[in-house]
Amino acid sequence: MKNFDFSTLPRVNSSATLCSAQIRSLPEYFQVEEVLPFEPDNIGGHVWLKIRKRNTNTDWVATELAKFAAVPSVAVGYAGLKDRHAVTTQWLSVNMEGHEEPDWTAFENDDIQIIQTTRHGKKLKRGVLAGNNFKLILSDVQGDTTLWENNLKLVQQQGVPNFFGEQRFGHNGNNLQRVDHWFSTGKAPRKRNQKSIYLSAARSWLFNLVLAERIQQGNWNQPMLGDVVLLAGTKASSFVVNEIDDELTSRIETMDIHPTGPLWGRDTSQTHTDSLGLEQQVLIEWNNWQQGLEKAGLSQERRALRLFPQQFNWQFMDDNQLELSFFLPAGSYATAVMRELAEITDTQQRNYQDIKNSQSNSLT
């Protein structure tokens with residue numbers, strides 16, 4: 001029986017377990033603003049809407065926007081899903097070619113506001129994203145203030161392990177249980193979107209296992225012989241470490257480059273010697289997952305083991321609250337930052353579990 005308990009993954013900062021806090025006590029306590037890698041040019045048949053939403057699912061907004069504009073659902077695009085239990089700002093595009101443009105302000109309500117309207121020649125596609133700005137208020141902050149300050153400064157100085165967040169794996173790791181059943185029995189899910197979700201979860205979990213081992217060995221932020229290192233701020237600009245010298249060490253220390261871990265798929269691993277041996281040893285019991293990902297047609301990629309929050313700032317407030325603000329590149333998780341600060345309770349997950357327990361008890 002495989003262990004899919006995210007909480008068992010190691011922390012770099014052991015002092016984080018001596019502090020605690022809650023997130024998402026209110027939607028306004030978890031604010032996310034999307035940052036695109038370019039500016040729409042205000043020309044073209046696709047209307048781009050910068051929307052701020054509260055307690056609202058991105059998919060639901062996209063569906064309702066298509067209905068409102070009287071266009072097919074495929075005419076609406078967005079870069080990525082944003083947290084529902086939050087206040088989030090993101091761009092959505094609507095292909096209005098051949099259609100009469102409605103009064104977009106009529107789409108607004110108490111939970112949805114249109115911040116900006118412009119145009120562009122193309123649909124906004126998934127993954128076209130530079131990153132996100134976060135503004136979080138942690139409530140019920142417990143622990144010595146000096147310890148909190150030390151934890152915050154540690155994150156600011158050395159970054160955090162770039163774990164895929166727990167939400168990637170579904171409630172109680174259900175996505176991992178389902179992909180394990182798929183790869184063990186060969187019975188693939190019927191729905192295409194389910195396949196995509198499960199494959200993504202599988203790659204992410206294998207990456208997390210490799211990162212966890214490197215944390216245990218104390219080299220998650222240090223180069224190993226045979227490592228593939230990634231240039232900061234890029235997704236594919238990388239090279240293999242054949243020699244560890246002062247220049248390489250300096251570039252690692254200044255966050256110019258980062259060691260990477262595998263996003264499993266087809267093709268031969270780029271790593272060799274020490275790095276390859278470590279990854280093979282960690283994943284030796286996950287051979288059927290590796291084969292399943294390869295069979296699904298995914299190509300092998302690399303992901304930085306280290307995450308460095310930019311513009312990382314904090315301020316202690318009244319009533320045991322702490323305000324955090326920072327920028328994270330696309331594909332990284334705010335929860336990976338917070339778990340290096342404290343034991344974090346997500347109030348929305350706790351409320352969900354309370355409801356499930358209540359329903360279960362009512363049936364007994």
# chains A, B, ... in the order shown; residues from 1 in each chain; ligands from 1
>>> closest_atom_pairs(of="range 147-263 of chain A", to="range 10-27 of chain A", cutoff="8 Å", atoms="only C-alpha atoms", output="CSV")
residue,atom,partner,partner_atom,distance
A:Leu147,CA,A:Ser15,CA,7.6
A:Trp148,CA,A:Cys19,CA,7.1
A:Asn151,CA,A:Ala16,CA,6.8
A:Val160,CA,A:Val12,CA,7.6
A:Pro161,CA,A:Val12,CA,7.6
A:Ala212,CA,A:Pro10,CA,6.1
A:Ile215,CA,A:Val12,CA,6.5
A:Gln216,CA,A:Pro10,CA,7.3
>>> write_last_selection(atoms="N, CA and C atoms", output="PDB file, in the first residue's frame")
ATOM      1  N   LEU A 147      10.785  33.791  16.765  1.00  0.00           N
ATOM      2  CA  LEU A 147      10.882  32.580  15.951  1.00  0.00           C
ATOM      3  C   LEU A 147      10.224  32.796  14.592  1.00  0.00           C
ATOM      4  N   TRP A 148       9.069  33.449  14.590  1.00  0.00           N
ATOM      5  CA  TRP A 148       8.411  33.783  13.337  1.00  0.00           C
ATOM      6  C   TRP A 148       9.332  34.630  12.458  1.00  0.00           C
ATOM      7  N   ASN A 151      11.979  32.528  10.915  1.00  0.00           N
ATOM      8  CA  ASN A 151      11.437  31.697   9.841  1.00  0.00           C
ATOM      9  C   ASN A 151      11.213  32.516   8.571  1.00  0.00           C
ATOM     10  N   VAL A 160      12.488  28.202  -0.656  1.00  0.00           N
ATOM     11  CA  VAL A 160      11.850  27.027  -0.063  1.00  0.00           C
ATOM     12  C   VAL A 160      11.877  25.882  -1.066  1.00  0.00           C
ATOM     13  N   PRO A 161      11.708  24.649  -0.607  1.00  0.00           N
ATOM     14  CA  PRO A 161      11.561  23.530  -1.545  1.00  0.00           C
ATOM     15  C   PRO A 161      10.345  23.744  -2.446  1.00  0.00           C
ATOM     16  N   ALA A 212      11.975  15.373  -1.737  1.00  0.00           N
ATOM     17  CA  ALA A 212      12.000  14.994  -0.321  1.00  0.00           C
ATOM     18  C   ALA A 212      13.313  14.303   0.042  1.00  0.00           C
ATOM     19  N   ILE A 215      16.095  16.809   0.274  1.00  0.00           N
ATOM     20  CA  ILE A 215      16.014  17.548   1.536  1.00  0.00           C
ATOM     21  C   ILE A 215      16.623  16.715   2.651  1.00  0.00           C
ATOM     22  N   GLN A 216      16.277  15.443   2.674  1.00  0.00           N
ATOM     23  CA  GLN A 216      16.818  14.549   3.704  1.00  0.00           C
ATOM     24  C   GLN A 216      18.342  14.485   3.628  1.00  0.00           C
TER      25      GLN A 216
END
>>> residues_around(residues="Leu298 in chain A", least_positions_apart="5", cutoff="9 Å", atoms="only C-alpha atoms", output="count of residues only")
5
>>> atom_distance(atom1="CA of Phe134 in chain A", atom2="CA of Asp110 in chain A")
21.9 Å
>>> residues_around(residues="Ala188 in chain A", least_positions_apart="4", cutoff="12 Å", atoms="only C-alpha atoms", output="list in words")
Arg178, Val179, Asp180, His181, Trp182, Phe183, Ser184, Arg192, Asn193, Gln194, Lys195, Ser196, Tyr198, Leu199, Gly292, Leu293, Lys295 and Ala296 of chain A
>>> write_last_selection(atoms="C-alpha atoms", output="PDB file, in the first residue's frame")
ATOM      1  CA  ARG A 178      -7.049   6.728  -8.732  1.00  0.00           C
ATOM      2  CA  VAL A 179      -3.909   6.985 -10.823  1.00  0.00           C
ATOM      3  CA  ASP A 180      -2.406   4.092  -8.847  1.00  0.00           C
ATOM      4  CA  HIS A 181      -5.464   2.007  -9.678  1.00  0.00           C
ATOM      5  CA  TRP A 182      -5.146   3.017 -13.336  1.00  0.00           C
ATOM      6  CA  PHE A 183      -1.472   2.097 -13.588  1.00  0.00           C
ATOM      7  CA  SER A 184      -1.886  -1.111 -11.544  1.00  0.00           C
ATOM      8  CA  ARG A 192     -10.113  12.962 -21.047  1.00  0.00           C
ATOM      9  CA  ASN A 193      -9.972  15.696 -18.398  1.00  0.00           C
ATOM     10  CA  GLN A 194      -9.742  13.068 -15.641  1.00  0.00           C
ATOM     11  CA  LYS A 195      -6.792  11.440 -17.417  1.00  0.00           C
ATOM     12  CA  SER A 196      -5.036  14.796 -17.605  1.00  0.00           C
ATOM     13  CA  TYR A 198      -4.388  12.072 -12.812  1.00  0.00           C
ATOM     14  CA  LEU A 199      -1.298  12.128 -15.029  1.00  0.00           C
ATOM     15  CA  GLY A 292       2.264   4.489 -17.197  1.00  0.00           C
ATOM     16  CA  LEU A 293       3.410   8.070 -17.751  1.00  0.00           C
ATOM     17  CA  LYS A 295       2.751   5.016 -22.218  1.00  0.00           C
ATOM     18  CA  ALA A 296       0.479   8.066 -21.903  1.00  0.00           C
TER      19      ALA A 296
END
>>> residues_around(residues="Gln281 in chain A", least_positions_apart="3", cutoff="12 Å", atoms="only C-alpha atoms", output="list in words")
Leu206, Leu209, Val210, Glu213, Arg214, Asp274, Ser275, Leu276, Gly277, Leu278, Ile284, Glu285, Trp286 and Asn287 of chain A
>>> select_by_dssp(residues="range 123-297 of chain A", states="strand (DSSP E or B)", output="JSON, numbers by chain")
{"A": [131, 132, 133, 134, 135, 136, 137, 138, 139, 140, 141, 142, 160, 161, 228, 229, 230, 231, 238, 239, 240, 257, 258, 259, 260, 261, 262, 263, 266]}
>>> write_last_selection(atoms="N, CA and C atoms", output="PDB file, in the first residue's frame")
ATOM      1  N   GLY A 131       3.250  34.479 -13.660  1.00  0.00           N
ATOM      2  CA  GLY A 131       3.175  34.106 -12.250  1.00  0.00           C
ATOM      3  C   GLY A 131       2.016  34.801 -11.568  1.00  0.00           C
ATOM      4  N   ASN A 132       2.075  34.852 -10.252  1.00  0.00           N
ATOM      5  CA  ASN A 132       0.996  35.441  -9.469  1.00  0.00           C
ATOM      6  C   ASN A 132       1.546  36.255  -8.311  1.00  0.00           C
ATOM      7  N   ASN A 133       0.892  37.397  -8.056  1.00  0.00           N
ATOM      8  CA  ASN A 133       1.160  38.162  -6.848  1.00  0.00           C
ATOM      9  C   ASN A 133       0.201  37.705  -5.757  1.00  0.00           C
ATOM     10  N   PHE A 134       0.735  37.433  -4.572  1.00  0.00           N
ATOM     11  CA  PHE A 134      -0.066  36.987  -3.443  1.00  0.00           C
ATOM     12  C   PHE A 134      -0.071  38.043  -2.343  1.00  0.00           C
ATOM     13  N   LYS A 135      -1.235  38.224  -1.742  1.00  0.00           N
ATOM     14  CA  LYS A 135      -1.352  39.019  -0.532  1.00  0.00           C
ATOM     15  C   LYS A 135      -2.216  38.221   0.437  1.00  0.00           C
ATOM     16  N   LEU A 136      -1.589  37.706   1.481  1.00  0.00           N
ATOM     17  CA  LEU A 136      -2.250  36.785   2.399  1.00  0.00           C
ATOM     18  C   LEU A 136      -2.262  37.361   3.806  1.00  0.00           C
ATOM     19  N   ILE A 137      -3.333  37.098   4.515  1.00  0.00           N
ATOM     20  CA  ILE A 137      -3.395  37.419   5.935  1.00  0.00           C
ATOM     21  C   ILE A 137      -3.563  36.115   6.705  1.00  0.00           C
ATOM     22  N   LEU A 138      -2.555  35.776   7.482  1.00  0.00           N
ATOM     23  CA  LEU A 138      -2.607  34.602   8.341  1.00  0.00           C
ATOM     24  C   LEU A 138      -3.242  35.011   9.660  1.00  0.00           C
ATOM     25  N   SER A 139      -4.209  34.231  10.112  1.00  0.00           N
ATOM     26  CA  SER A 139      -4.908  34.543  11.358  1.00  0.00           C
ATOM     27  C   SER A 139      -4.601  33.495  12.422  1.00  0.00           C
ATOM     28  N   ASP A 140      -4.983  33.816  13.660  1.00  0.00           N
ATOM     29  CA  ASP A 140      -4.709  32.941  14.803  1.00  0.00           C
ATOM     30  C   ASP A 140      -3.238  32.523  14.823  1.00  0.00           C
ATOM     31  N   VAL A 141      -2.364  33.504  14.654  1.00  0.00           N
ATOM     32  CA  VAL A 141      -0.922  33.254  14.614  1.00  0.00           C
ATOM     33  C   VAL A 141      -0.420  32.901  16.011  1.00  0.00           C
ATOM     34  N   GLN A 142       0.171  31.715  16.140  1.00  0.00           N
ATOM     35  CA  GLN A 142       0.670  31.231  17.421  1.00  0.00           C
ATOM     36  C   GLN A 142       2.172  30.952  17.312  1.00  0.00           C
ATOM     37  N   VAL A 160      12.488  28.202  -0.656  1.00  0.00           N
ATOM     38  CA  VAL A 160      11.850  27.027  -0.063  1.00  0.00           C
ATOM     39  C   VAL A 160      11.877  25.882  -1.066  1.00  0.00           C
ATOM     40  N   PRO A 161      11.708  24.649  -0.607  1.00  0.00           N
ATOM     41  CA  PRO A 161      11.561  23.530  -1.545  1.00  0.00           C
ATOM     42  C   PRO A 161      10.345  23.744  -2.446  1.00  0.00           C
ATOM     43  N   VAL A 228      20.891  18.332 -13.640  1.00  0.00           N
ATOM     44  CA  VAL A 228      20.467  19.316 -14.625  1.00  0.00           C
ATOM     45  C   VAL A 228      20.086  20.564 -13.838  1.00  0.00           C
ATOM     46  N   VAL A 229      20.728  21.699 -14.135  1.00  0.00           N
ATOM     47  CA  VAL A 229      20.405  22.948 -13.452  1.00  0.00           C
ATOM     48  C   VAL A 229      19.690  23.874 -14.423  1.00  0.00           C
ATOM     49  N   LEU A 230      18.738  24.616 -13.876  1.00  0.00           N
ATOM     50  CA  LEU A 230      17.847  25.463 -14.676  1.00  0.00           C
ATOM     51  C   LEU A 230      18.135  26.923 -14.392  1.00  0.00           C
ATOM     52  N   LEU A 231      18.223  27.711 -15.444  1.00  0.00           N
ATOM     53  CA  LEU A 231      18.413  29.146 -15.283  1.00  0.00           C
ATOM     54  C   LEU A 231      17.164  29.751 -14.677  1.00  0.00           C
ATOM     55  N   SER A 238      18.753  25.193 -19.619  1.00  0.00           N
ATOM     56  CA  SER A 238      19.409  24.354 -18.616  1.00  0.00           C
ATOM     57  C   SER A 238      20.718  23.786 -19.148  1.00  0.00           C
ATOM     58  N   PHE A 239      21.496  23.222 -18.236  1.00  0.00           N
ATOM     59  CA  PHE A 239      22.707  22.504 -18.622  1.00  0.00           C
ATOM     60  C   PHE A 239      23.021  21.458 -17.564  1.00  0.00           C
ATOM     61  N   VAL A 240      23.875  20.499 -17.928  1.00  0.00           N
ATOM     62  CA  VAL A 240      24.217  19.394 -17.034  1.00  0.00           C
ATOM     63  C   VAL A 240      25.498  19.733 -16.277  1.00  0.00           C
ATOM     64  N   ILE A 257      20.836  30.071 -10.812  1.00  0.00           N
ATOM     65  CA  ILE A 257      20.449  28.759 -11.335  1.00  0.00           C
ATOM     66  C   ILE A 257      19.947  27.894 -10.187  1.00  0.00           C
ATOM     67  N   HIS A 258      19.141  26.889 -10.532  1.00  0.00           N
ATOM     68  CA  HIS A 258      18.565  25.997  -9.528  1.00  0.00           C
ATOM     69  C   HIS A 258      18.747  24.533  -9.936  1.00  0.00           C
ATOM     70  N   PRO A 259      19.066  23.644  -8.995  1.00  0.00           N
ATOM     71  CA  PRO A 259      19.013  22.204  -9.281  1.00  0.00           C
ATOM     72  C   PRO A 259      17.581  21.805  -9.644  1.00  0.00           C
ATOM     73  N   THR A 260      17.437  20.725 -10.393  1.00  0.00           N
ATOM     74  CA  THR A 260      16.107  20.308 -10.832  1.00  0.00           C
ATOM     75  C   THR A 260      15.819  18.858 -10.468  1.00  0.00           C
ATOM     76  N   GLY A 261      14.525  18.531 -10.531  1.00  0.00           N
ATOM     77  CA  GLY A 261      14.069  17.163 -10.360  1.00  0.00           C
ATOM     78  C   GLY A 261      13.233  16.755 -11.558  1.00  0.00           C
ATOM     79  N   PRO A 262      12.896  15.461 -11.683  1.00  0.00           N
ATOM     80  CA  PRO A 262      12.235  14.964 -12.889  1.00  0.00           C
ATOM     81  C   PRO A 262      10.722  15.164 -12.888  1.00  0.00           C
ATOM     82  N   LEU A 263      10.213  15.560 -14.047  1.00  0.00           N
ATOM     83  CA  LEU A 263       8.791  15.421 -14.374  1.00  0.00           C
ATOM     84  C   LEU A 263       8.752  14.272 -15.365  1.00  0.00           C
ATOM     85  N   ARG A 266       8.578  10.100 -21.362  1.00  0.00           N
ATOM     86  CA  ARG A 266       9.436   9.391 -22.312  1.00  0.00           C
ATOM     87  C   ARG A 266      10.795  10.069 -22.455  1.00  0.00           C
TER      88      ARG A 266
END
